[in-house]
file query26.txt (compact mmCIF, C-alpha atoms)
# COMPACT_ATOMS: atom_id res chain seq x y z
CA MET A 782 95.38 89.85 103.15
CA ARG A 783 95.37 86.08 102.78
CA VAL A 784 92.98 84.20 105.06
CA ILE A 785 93.57 80.53 105.95
CA TYR A 786 90.75 78.29 107.09
CA LEU A 787 90.24 75.61 109.67
CA ILE A 788 87.22 73.62 110.78
CA LEU A 789 86.43 72.63 114.34
CA ASN A 790 84.56 69.50 115.41
CA LEU A 791 81.26 70.50 117.02
CA VAL A 792 77.95 68.62 117.01
CA PHE A 793 74.78 70.52 118.00
CA ILE A 794 76.31 72.74 120.66
CA SER A 795 73.90 74.69 122.83
CA ILE A 796 73.15 78.15 121.47
CA GLU A 797 71.50 80.79 123.59
CA ALA A 798 68.96 82.86 121.70
CA GLN A 799 69.12 86.50 122.74
CA GLY A 800 66.26 88.76 123.75
CA GLN A 801 62.85 87.66 122.50
CA ASN A 802 64.18 86.15 119.29
CA CYS A 803 63.88 82.40 118.82
CA PHE A 804 66.89 82.43 116.51
CA GLU A 805 69.77 84.70 115.54
CA ILE A 806 71.06 85.44 112.04
CA LYS A 807 74.83 84.94 112.31
CA SER A 808 76.23 85.40 108.80
CA ILE A 809 75.43 86.01 105.13
CA LEU A 810 77.46 84.89 102.11
CA VAL A 811 76.59 88.01 100.11
CA ASP A 812 78.86 87.51 97.10
CA ALA A 813 78.84 83.78 96.39
CA CYS A 814 81.06 81.94 93.95
CA GLY A 815 79.53 80.14 90.96
CA THR A 816 77.09 81.11 88.21
CA PRO A 817 74.34 82.09 88.51
CA GLU A 818 75.42 83.55 91.79
CA GLY A 819 71.86 83.99 93.05
CA GLU A 820 71.47 80.21 93.36
CA ASN A 821 74.58 79.81 95.50
CA GLU A 822 74.12 82.39 98.26
CA MET A 823 73.73 81.30 101.89
CA VAL A 824 72.57 82.43 105.33
CA ARG A 825 73.57 80.94 108.71
CA LEU A 826 71.31 81.02 111.79
CA ASP A 827 71.50 79.82 115.37
CA VAL A 828 68.18 78.36 116.53
CA GLY A 829 67.24 78.85 120.17
CA ALA A 830 65.25 76.73 122.58
CA THR A 831 62.12 76.55 120.41
CA ALA A 832 61.73 74.05 117.59
CA ILE A 833 60.60 75.59 114.28
CA ALA A 834 58.32 74.05 111.69
CA VAL A 835 59.86 74.65 108.28
CA SER A 836 56.41 75.57 106.91
CA ASN A 837 56.26 78.49 109.38
CA LEU A 838 59.66 79.90 108.46
CA SER A 839 59.69 82.77 105.95
CA VAL A 840 62.41 85.02 104.54
CA ASP A 841 62.19 88.64 103.39
CA TRP A 842 65.19 88.92 101.09
CA PRO A 843 66.73 92.36 100.43
CA ASN A 844 66.24 91.52 96.74
CA ASN A 845 63.97 88.91 95.11
CA ASN A 846 60.86 87.16 96.38
CA PHE A 847 60.86 84.31 98.87
CA LEU A 848 59.95 81.08 97.04
CA ASN A 849 59.42 78.86 100.11
CA PHE A 850 61.57 75.91 101.09
CA CYS A 851 61.61 72.65 99.17
CA GLN A 852 62.50 69.20 100.50
CA SER A 853 62.39 66.32 98.07
CA SER A 854 64.42 63.58 96.43
CA ILE A 855 66.31 66.40 94.64
CA THR A 856 67.38 68.03 97.91
CA ALA A 857 68.18 64.61 99.37
CA GLN A 858 70.55 63.99 96.46
CA LEU A 859 72.05 67.47 96.82
CA THR A 860 72.70 66.86 100.50
CA ALA A 861 74.21 63.45 99.76
CA THR A 862 76.50 64.97 97.11
CA LEU A 863 77.61 67.75 99.45
CA ASN A 864 78.22 65.26 102.26
CA ALA A 865 80.31 63.15 99.89
CA SER A 866 82.53 66.19 99.24
CA ILE A 867 83.25 66.71 102.94
CA GLN A 868 86.76 65.60 103.88
CA GLY A 869 86.37 66.44 107.55
CA CYS A 870 84.00 64.85 110.04
CA GLY A 871 81.12 67.28 109.43
CA LEU A 872 77.63 66.48 108.29
CA LEU A 873 74.66 68.18 106.61
CA LEU A 874 71.18 67.08 107.69
CA GLU A 875 67.76 68.00 106.36
CA PRO A 876 64.92 68.43 108.87
CA THR A 877 63.04 65.30 109.87
CA ASN A 878 59.25 65.57 109.49
CA GLY A 879 59.64 69.20 108.52
CA VAL A 880 60.82 70.34 111.99
CA ILE A 881 64.03 72.16 112.85
CA PRO A 882 65.12 71.00 116.33
CA PRO A 883 66.07 73.41 119.15
CA TYR A 884 69.68 74.51 119.50
CA THR A 885 70.44 73.83 115.87
CA LYS A 886 72.92 75.48 113.56
CA LEU A 887 70.87 76.14 110.45
CA LEU A 888 72.17 76.83 106.95
CA ILE A 889 69.81 78.27 104.33
CA ILE A 890 70.88 77.84 100.69
CA THR A 891 69.05 80.00 98.17
CA SER A 892 68.24 77.35 95.56
CA THR A 893 67.77 73.64 94.95
CA ASN A 894 69.86 74.32 91.86
CA VAL A 895 72.92 75.22 94.00
CA SER A 896 76.32 74.26 92.64
CA THR A 897 77.82 71.50 94.79
CA THR A 898 81.36 72.64 93.99
CA ALA A 899 81.30 76.47 93.76
CA ASN A 900 81.43 77.11 97.52
CA SER A 901 83.34 74.28 99.12
CA PHE A 902 82.10 72.17 102.04
CA SER A 903 85.24 70.01 101.99
CA ASN A 904 86.55 71.24 105.36
CA LEU A 905 83.29 70.87 107.27
CA ASN A 906 83.82 69.42 110.76
CA ASP A 907 80.52 70.62 112.16
CA THR A 908 76.92 69.38 111.98
CA LEU A 909 74.54 71.77 110.22
CA MET A 910 70.83 71.53 109.47
CA VAL A 911 70.29 72.61 105.85
CA LEU A 912 67.28 74.11 104.06
CA TYR A 913 67.01 74.82 100.33
CA GLN A 914 64.85 77.56 98.87
CA CYS A 915 62.81 76.32 95.91
CA VAL A 916 64.31 76.92 92.50
CA GLY A 917 63.42 80.05 90.52
CA ASN A 918 65.54 82.99 91.68
CA THR A 919 68.62 83.24 89.48
CA ALA A 920 69.28 86.88 90.33
CA GLY A 921 70.99 87.67 93.63
CA HIS A 922 69.09 87.94 96.88
CA PHE A 923 71.39 90.61 98.33
CA ALA A 924 73.55 93.43 96.92
CA ASN A 925 77.23 92.98 96.20
CA TYR A 926 79.99 95.54 96.59
CA ASN A 927 79.42 99.00 95.14
CA THR A 928 81.20 102.30 95.74
CA SER A 929 77.84 103.89 96.49
CA PRO A 930 76.57 103.29 100.04
CA GLY A 931 73.54 101.06 100.19
CA LEU A 932 71.95 99.45 103.25
CA ARG A 933 70.45 96.00 102.76
CA THR A 934 68.23 94.34 105.38
CA LEU A 935 67.45 90.62 105.71
CA ILE A 936 64.42 89.58 107.78
CA ILE A 937 63.61 86.00 108.81
CA SER A 938 60.41 85.17 110.69
CA ASN A 939 58.70 82.27 112.42
CA ASN A 940 55.09 82.96 111.53
CA SER A 941 53.70 80.68 114.23
CA ASN A 942 54.92 82.72 117.21
CA SER A 943 56.06 86.09 115.83
CA CYS A 944 59.73 85.29 116.39
CA THR A 945 61.66 87.54 113.99
CA ASP A 946 65.26 88.54 113.50
CA SER A 947 66.68 91.09 111.08
CA VAL A 948 70.17 92.24 110.18
CA THR A 949 71.45 95.12 108.03
CA TYR A 950 74.71 95.62 106.17
CA ASP A 951 76.18 98.29 103.90
CA ARG A 952 77.23 97.01 100.48
CA ASN A 953 80.11 99.48 100.08
CA LEU A 954 81.75 98.08 103.23
CA LEU A 955 82.06 94.56 101.80
CA VAL A 956 85.67 93.40 101.50
CA ASP A 957 87.50 91.63 98.72
CA GLN A 958 89.73 88.57 98.98
CA ASN A 959 92.66 90.80 100.02
CA GLY A 960 90.66 92.21 102.92
CA GLY A 961 90.28 95.60 101.24
CA GLN A 962 87.43 97.75 99.97
CA SER A 963 89.14 99.25 96.92
CA GLY A 964 87.31 97.20 94.31
CA LEU A 965 90.65 96.14 92.83
CA TYR A 966 90.35 92.47 93.76
CA ASP A 967 87.84 89.62 93.61
CA PHE A 968 84.85 90.07 95.92
CA ASN A 969 83.72 86.45 95.57
CA GLY A 970 83.36 85.05 99.07
CA SER A 971 82.52 88.43 100.60
CA SER A 972 80.51 87.77 103.76
CA VAL A 973 79.04 89.63 106.70
CA LEU A 974 79.13 88.33 110.27
CA PHE A 975 76.62 89.51 112.88
CA ASP A 976 76.73 89.37 116.65
CA ASN A 977 73.54 88.95 118.68
CA ALA A 978 73.06 92.72 118.70
CA GLY A 979 73.13 92.74 114.88
CA VAL A 980 76.48 94.54 114.64
CA ALA A 981 78.07 93.74 111.26
CA THR A 982 81.65 92.66 110.61
CA TYR A 983 82.80 92.45 106.98
CA VAL A 984 85.08 89.53 106.01
CA ASN A 985 86.06 87.46 103.00
CA TYR A 986 86.97 83.78 103.36
CA GLY A 987 86.97 83.02 99.64
CA CYS A 988 84.85 80.36 97.92
CA GLN A 989 83.88 78.53 101.07
CA ALA A 990 80.38 77.70 102.27
CA LEU A 991 79.10 79.40 105.40
CA GLY A 992 79.77 77.23 108.41
CA ALA A 993 82.16 75.04 106.44
CA GLY A 994 85.09 76.09 108.49
CA THR A 995 86.61 78.36 111.04
CA GLY A 996 88.31 81.35 109.50
CA ALA A 997 90.51 83.65 111.56
CA PHE A 998 90.28 87.28 110.47
CA ALA A 999 92.73 89.63 112.19
CA GLY A 1000 91.28 92.78 110.64
CA ASN A 1001 92.27 95.14 107.85
CA ASP A 1002 95.84 96.39 107.50
CA THR A 1003 96.19 99.88 108.93
CA THR A 1004 98.61 102.66 109.86
CA ALA A 1005 99.40 104.26 113.20
CA CYS A 1006 101.92 106.61 114.72
CA ALA A 1007 105.04 104.99 116.17
CA GLY A 1008 104.57 104.27 119.85
CA THR A 1009 100.76 104.47 119.72
CA ALA A 1010 98.73 101.74 121.42
CA ILE A 1011 95.99 100.35 119.16
CA THR A 1012 92.91 98.19 119.60
CA VAL A 1013 92.96 94.97 117.56
CA ASN A 1014 89.75 93.05 117.00
CA GLY A 1015 90.01 89.53 115.62
CA ASN A 1016 87.01 87.58 114.37
CA VAL A 1017 86.44 83.85 114.08
CA LEU A 1018 83.98 82.35 111.61
CA GLY A 1019 82.70 79.20 113.28
CA ALA A 1020 83.78 78.01 116.71
CA SER A 1021 87.10 77.86 118.48
CA LEU A 1022 88.23 76.87 121.94
CA ASN A 1023 90.92 79.51 122.29
CA VAL A 1024 92.47 82.43 120.43
CA LEU A 1025 95.93 83.96 120.71
CA TRP A 1026 97.58 87.17 119.48
CA SER A 1027 101.32 87.20 118.80
CA GLY A 1028 103.93 89.12 116.83
CA GLY A 1029 105.64 92.48 117.12
CA THR A 1030 108.04 93.43 119.90
CA GLY A 1031 105.39 95.02 122.12
CA THR A 1032 102.76 93.64 124.47
CA PHE A 1033 99.08 92.66 124.28
CA ALA A 1034 96.82 93.63 127.18
CA ASN A 1035 95.21 90.18 126.88
CA ALA A 1036 96.76 88.01 124.19
CA THR A 1037 94.03 85.36 124.58
CA SER A 1038 91.14 87.74 123.86
CA ALA A 1039 89.93 88.38 120.30
CA GLN A 1040 89.66 92.11 121.08
CA THR A 1041 92.56 93.59 122.98
CA ILE A 1042 95.02 96.48 123.04
CA TYR A 1043 98.49 96.21 121.52
CA THR A 1044 101.19 98.52 122.89
CA PRO A 1045 104.11 98.64 120.44
CA GLY A 1046 107.69 98.07 121.54
CA ALA A 1047 110.61 100.41 120.97
CA ASN A 1048 111.59 98.49 117.82
CA ASP A 1049 108.10 98.55 116.28
CA THR A 1050 108.67 100.95 113.40
CA GLY A 1051 107.66 100.52 109.79
CA LEU A 1052 105.77 97.31 109.03
CA VAL A 1053 104.84 95.21 112.06
CA PHE A 1054 103.03 91.87 111.68
CA LEU A 1055 100.46 90.91 114.32
CA ILE A 1056 99.15 87.32 114.12
CA PHE A 1057 95.68 86.21 115.23
CA THR A 1058 95.32 82.44 115.77
CA ALA A 1059 92.22 80.38 116.58
CA TYR A 1060 92.71 76.93 118.14
CA GLY A 1061 90.29 74.04 117.65
CA ILE A 1062 89.39 71.06 119.79
CA CYS A 1063 91.35 68.68 117.55
CA ASN A 1064 94.73 70.35 118.12
CA THR A 1065 94.32 72.29 114.93
CA SER A 1066 94.72 76.02 114.37
CA VAL A 1067 94.18 78.75 111.82
CA SER A 1068 95.90 82.13 111.65
CA ASP A 1069 95.57 85.46 109.92
CA THR A 1070 97.92 88.44 109.97
CA ILE A 1071 97.25 92.16 110.21
CA ILE A 1072 100.00 94.45 108.98
CA MET A 1073 100.52 97.56 111.10
CA ASP A 1074 102.44 100.33 109.33
CA TYR A 1075 103.88 102.33 112.21
CA THR A 1076 104.86 105.75 110.90
CA TYR A 1077 108.20 106.84 112.31
CA LEU A 1078 109.21 110.49 112.36
CA PRO A 1079 112.85 111.25 113.11
CA ALA A 1080 113.63 113.31 116.20
CA PRO A 1081 114.94 116.67 114.94
CA LEU A 1082 118.40 117.72 116.10
CA LEU A 1083 118.75 121.48 116.68
CA SER A 1084 121.91 123.50 116.15
CA GLN A 1085 122.82 127.18 116.37
CA ASN A 1086 124.29 129.18 113.51
CA GLY A 1087 124.65 132.76 114.60
CA ASN A 1088 121.16 133.85 115.55
CA TYR A 1089 119.47 131.05 113.65
CA ILE A 1090 118.22 127.86 115.29
CA LEU A 1091 118.34 125.20 112.59
CA SER A 1092 116.85 121.70 112.37
CA ASN A 1093 118.48 118.82 110.54
CA VAL A 1094 115.01 117.59 109.48
CA ILE A 1095 113.81 119.51 106.44
CA ASN A 1096 110.77 118.02 104.74
CA PRO A 1097 107.95 120.07 103.15
CA ALA A 1098 105.51 117.29 104.06
CA TYR A 1099 105.98 118.04 107.77
CA MET A 1100 104.43 120.82 109.83
CA TYR A 1101 106.78 122.70 112.17
CA SER A 1102 106.00 124.35 115.49
CA TRP A 1103 108.50 126.03 117.82
CA THR A 1104 108.54 126.91 121.50
CA PHE A 1105 110.64 129.45 123.40
CA ASN A 1106 111.08 128.76 127.12
CA GLY A 1107 108.16 126.34 126.86
CA ASN A 1108 105.77 128.77 125.16
CA ALA A 1109 104.65 128.51 121.54
CA ILE A 1110 106.18 130.96 119.08
CA PRO A 1111 103.27 132.18 116.90
CA ASN A 1112 103.71 131.77 113.13
CA ALA A 1113 107.03 129.97 113.55
CA ASP A 1114 106.26 127.26 111.01
CA SER A 1115 109.48 126.53 109.12
CA SER A 1116 112.45 124.27 109.79
CA ALA A 1117 114.47 127.21 111.18
CA VAL A 1118 113.68 130.01 113.59
CA ILE A 1119 115.40 133.26 114.51
CA ALA A 1120 116.73 133.46 118.03
CA ALA A 1121 115.22 136.82 118.93
CA GLN A 1122 116.62 136.65 122.45
CA PRO A 1123 118.59 134.27 124.68
CA GLY A 1124 116.64 131.33 126.02
CA CYS A 1125 115.65 127.73 125.29
CA TYR A 1126 114.20 126.66 121.93
CA GLN A 1127 112.52 123.41 120.92
CA LEU A 1128 110.91 122.12 117.70
CA THR A 1129 108.06 119.64 117.13
CA ILE A 1130 107.45 118.17 113.68
CA THR A 1131 104.08 116.67 112.70
CA ASN A 1132 102.95 114.79 109.58
CA SER A 1133 99.54 114.68 107.90
CA GLN A 1134 98.48 111.69 110.04
CA GLY A 1135 99.03 113.65 113.23
CA CYS A 1136 102.19 111.74 114.15
CA SER A 1137 104.83 113.93 115.79
CA ASN A 1138 108.30 113.97 117.27
CA THR A 1139 110.11 116.60 119.33
CA SER A 1140 113.69 117.81 119.15
CA ASN A 1141 116.29 118.31 121.83
CA LEU A 1142 116.04 121.49 123.93
CA LEU A 1143 118.61 124.03 122.69
CA CYS A 1144 119.42 126.89 125.07
CA ILE A 1145 121.48 129.88 123.93
CA THR A 1146 123.05 132.56 126.08
CA THR A 1147 124.72 134.85 123.52
CA MET A 1148 123.64 136.42 120.24
CA SER A 1149 125.62 137.77 117.29
CA GLU A 1150 125.44 141.14 115.61
CA ILE A 1151 123.27 140.49 112.62
CA ASN A 1152 123.24 143.56 110.35
CA GLN A 1153 126.18 142.31 108.30
CA ASN A 1154 125.75 140.69 104.88
CA ASN A 1155 127.60 141.08 101.58
CA ASP A 1156 124.58 140.45 99.38
CA TYR A 1157 122.20 142.95 101.00
CA SER A 1158 122.30 146.37 102.61
CA PHE A 1159 119.70 147.34 105.20
CA LEU A 1160 119.57 150.80 106.73
CA ALA A 1161 117.19 153.30 108.27
CA VAL A 1162 116.44 156.27 105.98
CA GLY A 1163 113.93 157.93 108.33
CA GLN A 1164 112.12 157.42 111.61
CA ASN A 1165 109.57 155.08 110.00
CA LEU A 1166 111.33 153.98 106.83
CA TYR A 1167 113.99 151.41 106.09
CA LEU A 1168 115.70 150.63 102.80
CA LEU A 1169 116.53 147.11 101.72
CA HIS A 1170 119.02 146.94 98.85
CA CYS A 1171 120.15 143.87 96.94
CA ASN A 1172 123.83 144.41 96.14
CA THR A 1173 123.97 141.56 93.60
CA GLY A 1174 120.90 142.52 91.54
CA ASN A 1175 119.51 139.09 92.35
CA SER A 1176 116.42 138.46 90.22
CA LYS A 1177 115.30 135.43 92.21
CA GLU A 1178 112.15 135.72 94.25
CA GLN A 1179 112.98 136.60 97.86
CA THR A 1180 110.63 135.95 100.76
CA VAL A 1181 110.84 138.76 103.31
CA SER A 1182 109.38 138.44 106.80
CA ILE A 1183 109.38 140.85 109.74
CA LEU A 1184 109.22 139.34 113.23
CA ASP A 1185 108.90 140.99 116.63
CA ILE A 1186 111.13 140.34 119.65
CA ALA A 1187 109.04 137.27 120.57
CA GLY A 1188 109.54 135.75 117.12
CA ARG A 1189 105.97 136.46 115.94
CA ARG A 1190 105.52 137.27 112.26
CA VAL A 1191 104.28 140.86 111.89
CA LYS A 1192 104.45 141.17 108.13
CA SER A 1193 105.64 139.20 105.11
CA PHE A 1194 105.97 139.91 101.40
CA THR A 1195 108.03 138.95 98.36
CA PHE A 1196 110.95 140.86 96.87
CA THR A 1197 111.24 140.02 93.18
CA ASN A 1198 113.33 141.53 90.35
CA HIS A 1199 114.18 144.65 92.34
CA ASN A 1200 117.43 146.14 93.53
CA SER A 1201 115.86 148.17 96.36
CA LEU A 1202 112.75 148.04 98.51
CA ASN A 1203 111.32 150.63 100.89
CA ILE A 1204 109.81 149.26 104.08
CA ASP A 1205 107.38 151.48 105.99
CA VAL A 1206 107.16 150.70 109.73
CA SER A 1207 105.00 153.65 110.72
CA THR A 1208 102.20 151.37 111.92
CA PHE A 1209 104.53 149.22 114.03
CA ALA A 1210 104.63 149.49 117.81
CA LYS A 1211 107.88 150.69 119.32
CA GLY A 1212 110.44 147.97 119.87
CA ILE A 1213 112.98 145.64 118.30
CA TYR A 1214 112.16 143.72 115.10
CA PHE A 1215 113.98 141.31 112.83
CA LEU A 1216 113.82 141.23 109.04
CA THR A 1217 114.58 137.90 107.37
CA ILE A 1218 115.19 137.17 103.70
CA THR A 1219 114.92 133.63 102.37
CA ASN A 1220 115.29 132.05 98.96
CA GLU A 1221 116.86 128.85 97.71
CA ASN A 1222 120.35 130.23 98.34
CA ASN A 1223 119.98 132.60 101.30
CA PHE A 1224 118.77 132.82 104.86
CA VAL A 1225 119.61 136.38 105.94
CA GLN A 1226 118.56 138.32 109.02
CA PHE A 1227 118.71 142.02 109.93
CA LYS A 1228 117.85 143.80 113.14
CA MET A 1229 115.63 146.88 113.04
CA ILE A 1230 114.40 149.25 115.78
CA LYS A 1231 111.16 151.22 115.73
CA GLN A 1232 111.58 154.36 117.90
call {"tool": "encode", "arguments": {"input": "query26.txt", "output": "structure tokens"}}
result
Amino acid sequence: MRVIYLILNLVFISIEAQGQNCFEIKSILVDACGTPEGENEMVRLDVGATAIAVSNLSVDWPNNNFLNFCQSSITAQLTATLNASIQGCGLLLEPTNGVIPPYTKLLIITSTNVSTTANSFSNLNDTLMVLYQCVGNTAGHFANYNTSPGLRTLIISNNSNSCTDSVTYDRNLLVDQNGGQSGLYDFNGSSVLFDNAGVATYVNYGCQALGAGTGAFAGNDTTACAGTAITVNGNVLGASLNVLWSGGTGTFANATSAQTIYTPGANDTGLVFLIFTAYGICNTSVSDTIIMDYTYLPAPLLSQNGNYILSNVINPAYMYSWTFNGNAIPNADSSAVIAAQPGCYQLTITNSQGCSNTSNLLCITTMSEINQNNDYSFLAVGQNLYLLHCNTGNSKEQTVSILDIAGRRVKSFTFTNHNSLNIDVSTFAKGIYFLTITNENNFVQFKMIKQ
């Protein structure tokens, strides 16, 4: 999934710190661009109503030791170089007199040796306070994508007043630049967003610095059954004034809410593109698209052929279930069913995703005599014994099933490389039964009576 970026013009907006925390960790650039990667990683925080002395701020990285923050002529030059690369109206500022003001957006960069080009600030239209960790950690401070689950926790503390915030993410949920978790594409730019409750959202905006822009992320492509309403949950990196969902032929419960419910229209089958757009204060916008693959199952059409009820949908990938007069027929799990008695029959097909579709209701009033077939002979040779004879000497494997008057399978077996087969019904209850023979060329039915 391709993500497009936009920056919005905001200068020191008011940020409400939640709970007892004096700041909130908002995002982590886990898999940074550039080499060595460990010097280019970043963390974004929102500072609350309490100013923070830089000397009191400490970080417990998931990996590597905290080397304190450095502010010097080197960091001043770094900041100047980064500011010179900004094409928008944004600005990076280092703390004055070692104090981070209240209601500040704070960016922590993991080294004074950070590359000024690896993770672009060119689109920055926001004002961020920036801190640089002292040089020395070339290895990563986090843990990048891995197929093995692995929780990683970041803790940041203000040692002067016990204000602490921590967030946790799972490395095998990180997403690549196509929005997937397959490991087939580049994971550079993989980031984690956190709400004030610490709930993680996994995104990838490419080689862009945290806070350098607003990225609209519609979510991962997914599949659903045709006609099923789904919840869509868009995310915006940075700030936006408004958001809007569009696309498809259906309706959104609230098209101007990032999280809403989409009810597909009648024509939403196959691939449907839903667009999530974030609008900025400078009449600018950014959009991302989620692809919904709505699985469509055809509605089976039933027809009668003698005493067989046949479906025009025959697919071994589907599961079949039949009803007679509204009641399920046990063990009726193929694309055809025997009409054991007059009444109304209906078929439902289901795929492996649980998507289903139901046929027309077929009602029959008459039945045919069924003990006539040129390929087979079927006759009673005793009170509890029947003989099945193959007149053609067919060596193909035959599937033989015996069903009761309600269409329930009583017994089944194969009939292979034989001309005759004895069938013992001594254990059967009295009543009417039907014997069916199926192979690739035949669907044959005989009626049998147990006295």
call {"tool": "residues_near_point", "arguments": {"input": "query26.txt", "point": "(106.5, 129.0, 125.6)", "cutoff": "12 Å", "atoms": "all atoms listed in the file", "output": "CSV table (one decimal) with C-alpha atoms, in the coordinates of the input"}}
result
chain,number,residue,atom,x,y,z
A,1102,SER,CA,106.0,124.4,115.5
A,1103,TRP,CA,108.5,126.0,117.8
A,1104,THR,CA,108.5,126.9,121.5
A,1105,PHE,CA,110.6,129.4,123.4
A,1106,ASN,CA,111.1,128.8,127.1
A,1107,GLY,CA,108.2,126.3,126.9
A,1108,ASN,CA,105.8,128.8,125.2
A,1109,ALA,CA,104.6,128.5,121.5
A,1110,ILE,CA,106.2,131.0,119.1
A,1111,PRO,CA,103.3,132.2,116.9
A,1124,GLY,CA,116.6,131.3,126.0
A,1125,CYS,CA,115.6,127.7,125.3
A,1126,TYR,CA,114.2,126.7,121.9
A,1127,GLN,CA,112.5,123.4,120.9
A,1128,LEU,CA,110.9,122.1,117.7
A,1187,ALA,CA,109.0,137.3,120.6
A,1188,GLY,CA,109.5,135.8,117.1
call {"tool": "residues_near_point", "arguments": {"input": "query26.txt", "point": "(105.6, 114.0, 113.5)", "cutoff": "9 Å", "atoms": "all atoms listed in the file", "output": "list of chain:residue names"}}
result
A:Cys1006, A:Thr1076, A:Tyr1077, A:Leu1078, A:Pro1079, A:Ala1080, A:Tyr1099, A:Met1100, A:Tyr1101, A:Thr1129, A:Ile1130, A:Thr1131, A:Asn1132, A:Ser1133, A:Gln1134, A:Gly1135, A:Cys1136, A:Ser1137, A:Asn1138, A:Thr1139
call {"tool": "atom_distance", "arguments": {"input": "query26.txt", "atom1": "atom CA of A:Gly979", "atom2": "atom CA of A:Phe998"}}
result
18.5 Å
call {"tool": "residues_around", "arguments": {"input": "query26.txt", "residues": "stretch 1031-1041 of chain A", "least_positions_apart": "4", "cutoff": "10 Å", "atoms": "all atoms listed in the file", "output": "list in words"}}
result
Ala997, Phe998, Ala999, Gly1008, Ala1010, Ile1011, Thr1012, Val1013, Asn1014, Gly1015, Asn1016, Val1017, Asn1023, Val1024, Leu1025, Trp1026, Ser1027, Pro1045, Gly1046, Ala1047, Asn1048, Asp1049, Phe1057, Thr1058 and Ala1059 of chain A
call {"tool": "atom_distance", "arguments": {"input": "query26.txt", "atom1": "atom CA of A:Ala1005", "atom2": "atom CA of A:Asn1093"}}
result
24.1 Å
call {"tool": "atom_distance", "arguments": {"input": "query26.txt", "atom1": "atom CA of A:Val1067", "atom2": "atom CA of A:Leu991"}}
result
16.4 Å
call {"tool": "closest_residue", "arguments": {"input": "query26.txt", "among": "A:Leu848, A:Ile881, A:Ile1213, A:Cys944", "to": "A:Thr919", "atoms": "only C-alpha atoms"}}
result
A:Leu848
call {"tool": "closest_residue", "arguments": {"input": "query26.txt", "among": "A:Gln958, A:Asn844, A:Thr816, A:Ser1068", "to": "A:Thr934", "atoms": "all atoms listed in the file"}}
result
A:Asn844
call {"tool": "closest_residue", "arguments": {"input": "query26.txt", "among": "A:Ala830, A:Thr1195, A:Ser1084, A:Ile1183", "to": "A:Leu1216", "atoms": "only C-alpha atoms"}}
result
A:Ile1183
call {"tool": "residues_around", "arguments": {"input": "query26.txt", "residues": "A:Asn918", "least_positions_apart": "5", "cutoff": "9 Å", "atoms": "only C-alpha atoms", "output": "JSON, numbers by chain"}}
result
{"A": [819, 820, 845, 846, 847, 848, 891, 892]}
call {"tool": "closest_residue", "arguments": {"input": "query26.txt", "among": "A:Phe1159, A:Tyr1214, A:Phe850, A:Phe804", "to": "A:Pro882", "atoms": "all atoms listed in the file"}}
result
A:Phe804
call {"tool": "closest_residue", "arguments": {"input": "query26.txt", "among": "A:Thr1050, A:Lys886, A:Met823, A:Asp841", "to": "A:Val973", "atoms": "all atoms listed in the file"}}
result
A:Met823
call {"tool": "closest_residue", "arguments": {"input": "query26.txt", "among": "A:Pro817, A:Gly1028, A:Gly871, A:Pro843", "to": "A:Ala920", "atoms": "only C-alpha atoms"}}
result
A:Pro817
call {"tool": "residues_around", "arguments": {"input": "query26.txt", "residues": "A:Asp827", "least_positions_apart": "6", "cutoff": "7 Å", "atoms": "all atoms listed in the file", "output": "short mmCIF file (atom, residue, chain, number, x, y, z; two decimals) with C-alpha atoms, keeping the file's coordinate frame"}}
result
data_model
loop_
_atom_site.label_atom_id
_atom_site.label_comp_id
_atom_site.auth_asym_id
_atom_site.auth_seq_id
_atom_site.Cartn_x
_atom_site.Cartn_y
_atom_site.Cartn_z
CA ILE A 796 73.15 78.15 121.47
CA PHE A 804 66.89 82.43 116.51
CA GLU A 805 69.77 84.70 115.54
CA ILE A 806 71.06 85.44 112.04
CA LYS A 807 74.83 84.94 112.31
CA TYR A 884 69.68 74.51 119.50
CA THR A 885 70.44 73.83 115.87
CA LYS A 886 72.92 75.48 113.56
CA LEU A 887 70.87 76.14 110.45
#
call {"tool": "residues_around", "arguments": {"input": "query26.txt", "residues": "A:Met1229", "least_positions_apart": "4", "cutoff": "12 Å", "atoms": "only C-alpha atoms", "output": "PyMOL selection string"}}
result
chain A and resi 1121+1150-1152+1159-1162+1164-1169+1183-1186+1204-1206+1209+1211-1217
call {"tool": "decode", "arguments": {"input": "query26.txt", "residues": "stretch 1204-1216 of chain A", "atoms": "C-alpha atoms", "output": "CSV table (one decimal), in the first residue's frame"}}
result
chain,number,residue,atom,x,y,z
A,1204,ILE,CA,-25.9,-55.4,1.0
A,1205,ASP,CA,-27.1,-56.5,4.4
A,1206,VAL,CA,-29.9,-54.4,5.9
A,1207,SER,CA,-30.7,-56.6,8.9
A,1208,THR,CA,-29.7,-53.8,11.3
A,1209,PHE,CA,-31.8,-51.2,9.6
A,1210,ALA,CA,-35.1,-50.0,11.1
A,1211,LYS,CA,-38.2,-50.8,9.0
A,1212,GLY,CA,-39.0,-48.2,6.4
A,1213,ILE,CA,-38.1,-46.8,3.0
A,1214,TYR,CA,-34.4,-46.2,2.0
A,1215,PHE,CA,-32.6,-45.0,-1.1
A,1216,LEU,CA,-29.4,-46.3,-2.5
